[in-house]
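As structure tokens, the structure follows; a few thoughts come after it.
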Amino acid sequence: MACLISVNSYANQAPKSYAQCVACHGEEAQGNAELKSPALAGQSQSYLSRQLTNFSSGLRGSHQQDVLGKQMVAISKQLTAEDIAELSQYLAALPSVKIINNTEGDLKNGSRYYQGKCGACHGGQAQGNLSLNAPKLSGQSIVYLQSQMKNFSTGIRGNVATDKLGRQMAMMAKTTSGKELDDILHFIAQQ
Ligand code: HEC
Ligand code: HEC
């Protein structure tokens, strides 16, 4: 009962513009594995608003092969600056929803690689770091994170000259792959 009440009260606070997001990102912004749409609840406001702006301005999702990103390009072009501000504020304040990730890997190695290569920007527990503009990775679908690492390292994301932060992350993504990346993602899944 308590759970139902809290879900309803969050739904009540949602800005009108969130109605068009529910089908893919879910009522609680928990994401949808089948539709490959990420969780948004509890992500930082500045990261969310930057991504929505990047989609609409062509910094993200403009690559021909970025089929999933293109879905967001079409949607974000319909949003006003005020919609983006309201949506990101609303989503950032939502509690993150526990996602079940079935990852496999070596946790000890994953922790070591993560702290060596990712933690300085994304935080020791993958909680994100506002001052470095690095998003929270914990609580996210690992399948989604994996697809973004692939997009970054193959030049599908972070490929536009003016996308400084995306290009920075694309450079980082190229420093890891294979078993090492699997271990890193396994570590992130436990945070
Ligand atoms: C048709 C399905 C669909 C709809 C509707 C949709 N999204 Fe998305 N969204 C996606 C998918 C798929 C991705 C992942 C894109 C990728 O793989 O790069 C995504 C990514 C995002 C991201 C980037 C998240 C991150 O971690 O980088 C944000 C922010 C976002 N969506 C917000 C919204 C908002 C706000 C709305 C409503 C105004 C919305 N989306 C509507 C499917 C959708
Ligand atoms: C120099 C700082 C820095 C380092 C080191 C770094 N990142 Fe990032 N990462 C960022 C920034 C900044 C972004 C946001 C890019 C944007 O705004 O488009 C990002 C974005 C991401 C995303 C996309 C998240 C989403 O919701 O779409 C993933 C996945 C990611 N990083 C994983 C990693 C992993 C794994 C490592 C270690 C191998 C790593 N990062 C190392 C700064 C960094």
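As shown in the structure tokens, the chain order sets the letters A, B, ...; within each chain, residues go from 1, and ligands are also counted from 1 in the order they appear.
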
- [ ] Fewer than 2 positions away in the same chain doesn't count, so skip those; otherwise give me all residues within 7 Å of Phe187 of chain A, counting only C-alpha atoms, as an NGL selection string.
- [x] :A and (107 or 110-111 or 183-185 or 189-191)

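For Ser131 of chain A, the list of residues within 10 Å, based on only C-alpha atoms and with local chain neighbours fewer than 3 positions off taken out, reads A:Cys121, A:Gly128, A:Ala134.
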
For the residues in that selection, give me N, CA and C atoms as a tab-separated table (two decimals), in the first residue's frame.
chain	number	residue	atom	x	y	z
A	121	CYS	N	36.70	10.07	-12.51
A	121	CYS	CA	35.62	10.92	-13.04
A	121	CYS	C	34.24	10.49	-12.55
A	128	GLY	N	28.77	9.07	-9.89
A	128	GLY	CA	28.83	10.28	-10.71
A	128	GLY	C	29.57	11.39	-9.99
A	134	ALA	N	30.49	14.09	-15.01
A	134	ALA	CA	30.43	12.64	-15.27
A	134	ALA	C	29.15	12.06	-14.66

Task: Surrounding residues of Gly119 of chain A excluding itself and chain neighbours under 4 positions, 12 Å, only C-alpha atoms, as a PyMOL selection string - done: chain A and resi 110-115+123-129+132+134-138+172+184+187-188

Select from chain A every residue with an atom at most 6 Å from any atom of ligand 1, then for each give the shortest pair of atoms and their distance in Å to one decimal, using only C-alpha atoms and all ligand atoms, rows by chain and rising number, as a Markdown table.
| residue | atom | partner | partner_atom_place_in_ligand_line | distance |
| --- | --- | --- | --- | --- |
| A:Ser17 | CA | ligand 1 | 38 (C) | 6.0 |
| A:Tyr18 | CA | ligand 1 | 37 (C) | 5.3 |
| A:Gln20 | CA | ligand 1 | 37 (C) | 5.1 |
| A:Cys21 | CA | ligand 1 | 37 (C) | 3.5 |
| A:Ala23 | CA | ligand 1 | 5 (C) | 5.9 |
| A:Cys24 | CA | ligand 1 | 2 (C) | 4.4 |
| A:Lys36 | CA | ligand 1 | 12 (C) | 5.0 |
| A:Ser37 | CA | ligand 1 | 11 (C) | 3.9 |
| A:Pro38 | CA | ligand 1 | 13 (C) | 5.8 |
| A:Leu48 | CA | ligand 1 | 29 (C) | 4.5 |
| A:Gln51 | CA | ligand 1 | 29 (C) | 5.3 |
| A:Leu52 | CA | ligand 1 | 29 (C) | 5.4 |
| A:Leu68 | CA | ligand 1 | 15 (C) | 4.6 |
| A:Gly69 | CA | ligand 1 | 15 (C) | 4.1 |
| A:Gln71 | CA | ligand 1 | 1 (C) | 5.6 |
| A:Met72 | CA | ligand 1 | 8 (Fe) | 5.2 |
| A:Leu87 | CA | ligand 1 | 35 (C) | 5.9 |

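You can rank A:Asn109, A:Asn54, A:Ser141, A:Asn102 by their closest distance to Glu180 of chain A using only C-alpha atoms, and at the top of that list sits A:Asn109.
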
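If only C-alpha atoms and all ligand atoms are the atoms counted, then among A:Lys179, A:Lys16, A:Lys98, A:Lys150 the closest residue to ligand 2 is A:Lys150.
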
Task: DSSP alpha helix (DSSP H) selection over segment 89-155 of chain A, as a ChimeraX atom specification - done: /A:89-93,107-117,119-122,142-153

Task: Pick from A:Asn101, A:Gly31, A:Asn133, A:Ala85 nearest to Ala120 of chain A, counting only C-alpha atoms - done: A:Asn133

- [ ] Pick out the residues sitting within 10 Å of Gln65 of chain A, and hand them over as a PyMOL selection string; count only C-alpha atoms, and ignore anything fewer than 3 positions along from it in its own chain.
- [x] chain A and resi 61-62+68-70+151+155-157

Take the residues just selected and output them with all heavy atoms as a PDB file, in the first residue's frame.
ATOM      1  N   GLY A  61      23.391  11.393 -31.467  1.00  0.00           N
ATOM      2  CA  GLY A  61      22.303  10.756 -32.227  1.00  0.00           C
ATOM      3  C   GLY A  61      22.303  11.106 -33.696  1.00  0.00           C
ATOM      4  O   GLY A  61      21.413  10.693 -34.426  1.00  0.00           O
ATOM      5  N   SER A  62      23.305  11.873 -34.145  1.00  0.00           N
ATOM      6  CA  SER A  62      23.301  12.263 -35.563  1.00  0.00           C
ATOM      7  C   SER A  62      24.025  11.238 -36.440  1.00  0.00           C
ATOM      8  O   SER A  62      23.883  11.260 -37.652  1.00  0.00           O
ATOM      9  CB  SER A  62      23.912  13.647 -35.739  1.00  0.00           C
ATOM     10  OG  SER A  62      25.229  13.647 -35.253  1.00  0.00           O
ATOM     11  N   LEU A  68      19.156   3.931 -32.163  1.00  0.00           N
ATOM     12  CA  LEU A  68      18.429   4.194 -30.920  1.00  0.00           C
ATOM     13  C   LEU A  68      18.514   5.673 -30.548  1.00  0.00           C
ATOM     14  O   LEU A  68      17.545   6.261 -30.065  1.00  0.00           O
ATOM     15  CB  LEU A  68      18.968   3.318 -29.788  1.00  0.00           C
ATOM     16  CG  LEU A  68      18.657   1.827 -29.955  1.00  0.00           C
ATOM     17  CD1 LEU A  68      19.444   1.000 -28.949  1.00  0.00           C
ATOM     18  CD2 LEU A  68      17.168   1.556 -29.810  1.00  0.00           C
ATOM     19  N   GLY A  69      19.679   6.267 -30.777  1.00  0.00           N
ATOM     20  CA  GLY A  69      19.838   7.698 -30.503  1.00  0.00           C
ATOM     21  C   GLY A  69      18.875   8.534 -31.340  1.00  0.00           C
ATOM     22  O   GLY A  69      18.340   9.543 -30.875  1.00  0.00           O
ATOM     23  N   LYS A  70      18.638   8.087 -32.565  1.00  0.00           N
ATOM     24  CA  LYS A  70      17.751   8.840 -33.467  1.00  0.00           C
ATOM     25  C   LYS A  70      16.324   8.948 -32.936  1.00  0.00           C
ATOM     26  O   LYS A  70      15.646   9.944 -33.182  1.00  0.00           O
ATOM     27  CB  LYS A  70      17.727   8.174 -34.849  1.00  0.00           C
ATOM     28  CG  LYS A  70      18.943   8.540 -35.664  1.00  0.00           C
ATOM     29  CD  LYS A  70      18.712   8.346 -37.144  1.00  0.00           C
ATOM     30  CE  LYS A  70      20.026   8.375 -37.900  1.00  0.00           C
ATOM     31  NZ  LYS A  70      21.080   9.212 -37.304  1.00  0.00           N
ATOM     32  N   ASN A 151      29.336   2.393 -28.583  1.00  0.00           N
ATOM     33  CA  ASN A 151      29.096   3.589 -29.406  1.00  0.00           C
ATOM     34  C   ASN A 151      30.244   4.589 -29.292  1.00  0.00           C
ATOM     35  O   ASN A 151      30.673   5.163 -30.294  1.00  0.00           O
ATOM     36  CB  ASN A 151      27.782   4.274 -28.991  1.00  0.00           C
ATOM     37  CG  ASN A 151      26.561   3.518 -29.481  1.00  0.00           C
ATOM     38  OD1 ASN A 151      26.675   2.546 -30.228  1.00  0.00           O
ATOM     39  ND2 ASN A 151      25.384   3.955 -29.064  1.00  0.00           N
ATOM     40  N   GLY A 155      32.960   5.449 -32.488  1.00  0.00           N
ATOM     41  CA  GLY A 155      32.729   6.751 -33.111  1.00  0.00           C
ATOM     42  C   GLY A 155      31.270   7.069 -33.431  1.00  0.00           C
ATOM     43  O   GLY A 155      30.974   7.997 -34.178  1.00  0.00           O
ATOM     44  N   ILE A 156      30.342   6.306 -32.827  1.00  0.00           N
ATOM     45  CA  ILE A 156      28.915   6.581 -33.050  1.00  0.00           C
ATOM     46  C   ILE A 156      28.428   7.649 -32.075  1.00  0.00           C
ATOM     47  O   ILE A 156      27.519   8.417 -32.360  1.00  0.00           O
ATOM     48  CB  ILE A 156      28.110   5.259 -32.924  1.00  0.00           C
ATOM     49  CG1 ILE A 156      28.424   4.370 -34.135  1.00  0.00           C
ATOM     50  CG2 ILE A 156      26.617   5.502 -32.799  1.00  0.00           C
ATOM     51  CD1 ILE A 156      27.808   2.992 -34.071  1.00  0.00           C
ATOM     52  N   ARG A 157      29.045   7.710 -30.898  1.00  0.00           N
ATOM     53  CA  ARG A 157      28.750   8.764 -29.914  1.00  0.00           C
ATOM     54  C   ARG A 157      30.080   9.444 -29.558  1.00  0.00           C
ATOM     55  O   ARG A 157      31.116   8.785 -29.476  1.00  0.00           O
ATOM     56  CB  ARG A 157      28.103   8.153 -28.667  1.00  0.00           C
ATOM     57  CG  ARG A 157      27.745   9.181 -27.609  1.00  0.00           C
ATOM     58  CD  ARG A 157      26.961   8.579 -26.441  1.00  0.00           C
ATOM     59  NE  ARG A 157      26.811   9.556 -25.366  1.00  0.00           N
ATOM     60  CZ  ARG A 157      26.350   9.308 -24.154  1.00  0.00           C
ATOM     61  NH1 ARG A 157      25.945   8.089 -23.846  1.00  0.00           N
ATOM     62  NH2 ARG A 157      26.265  10.259 -23.244  1.00  0.00           N
TER      63      ARG A 157
END
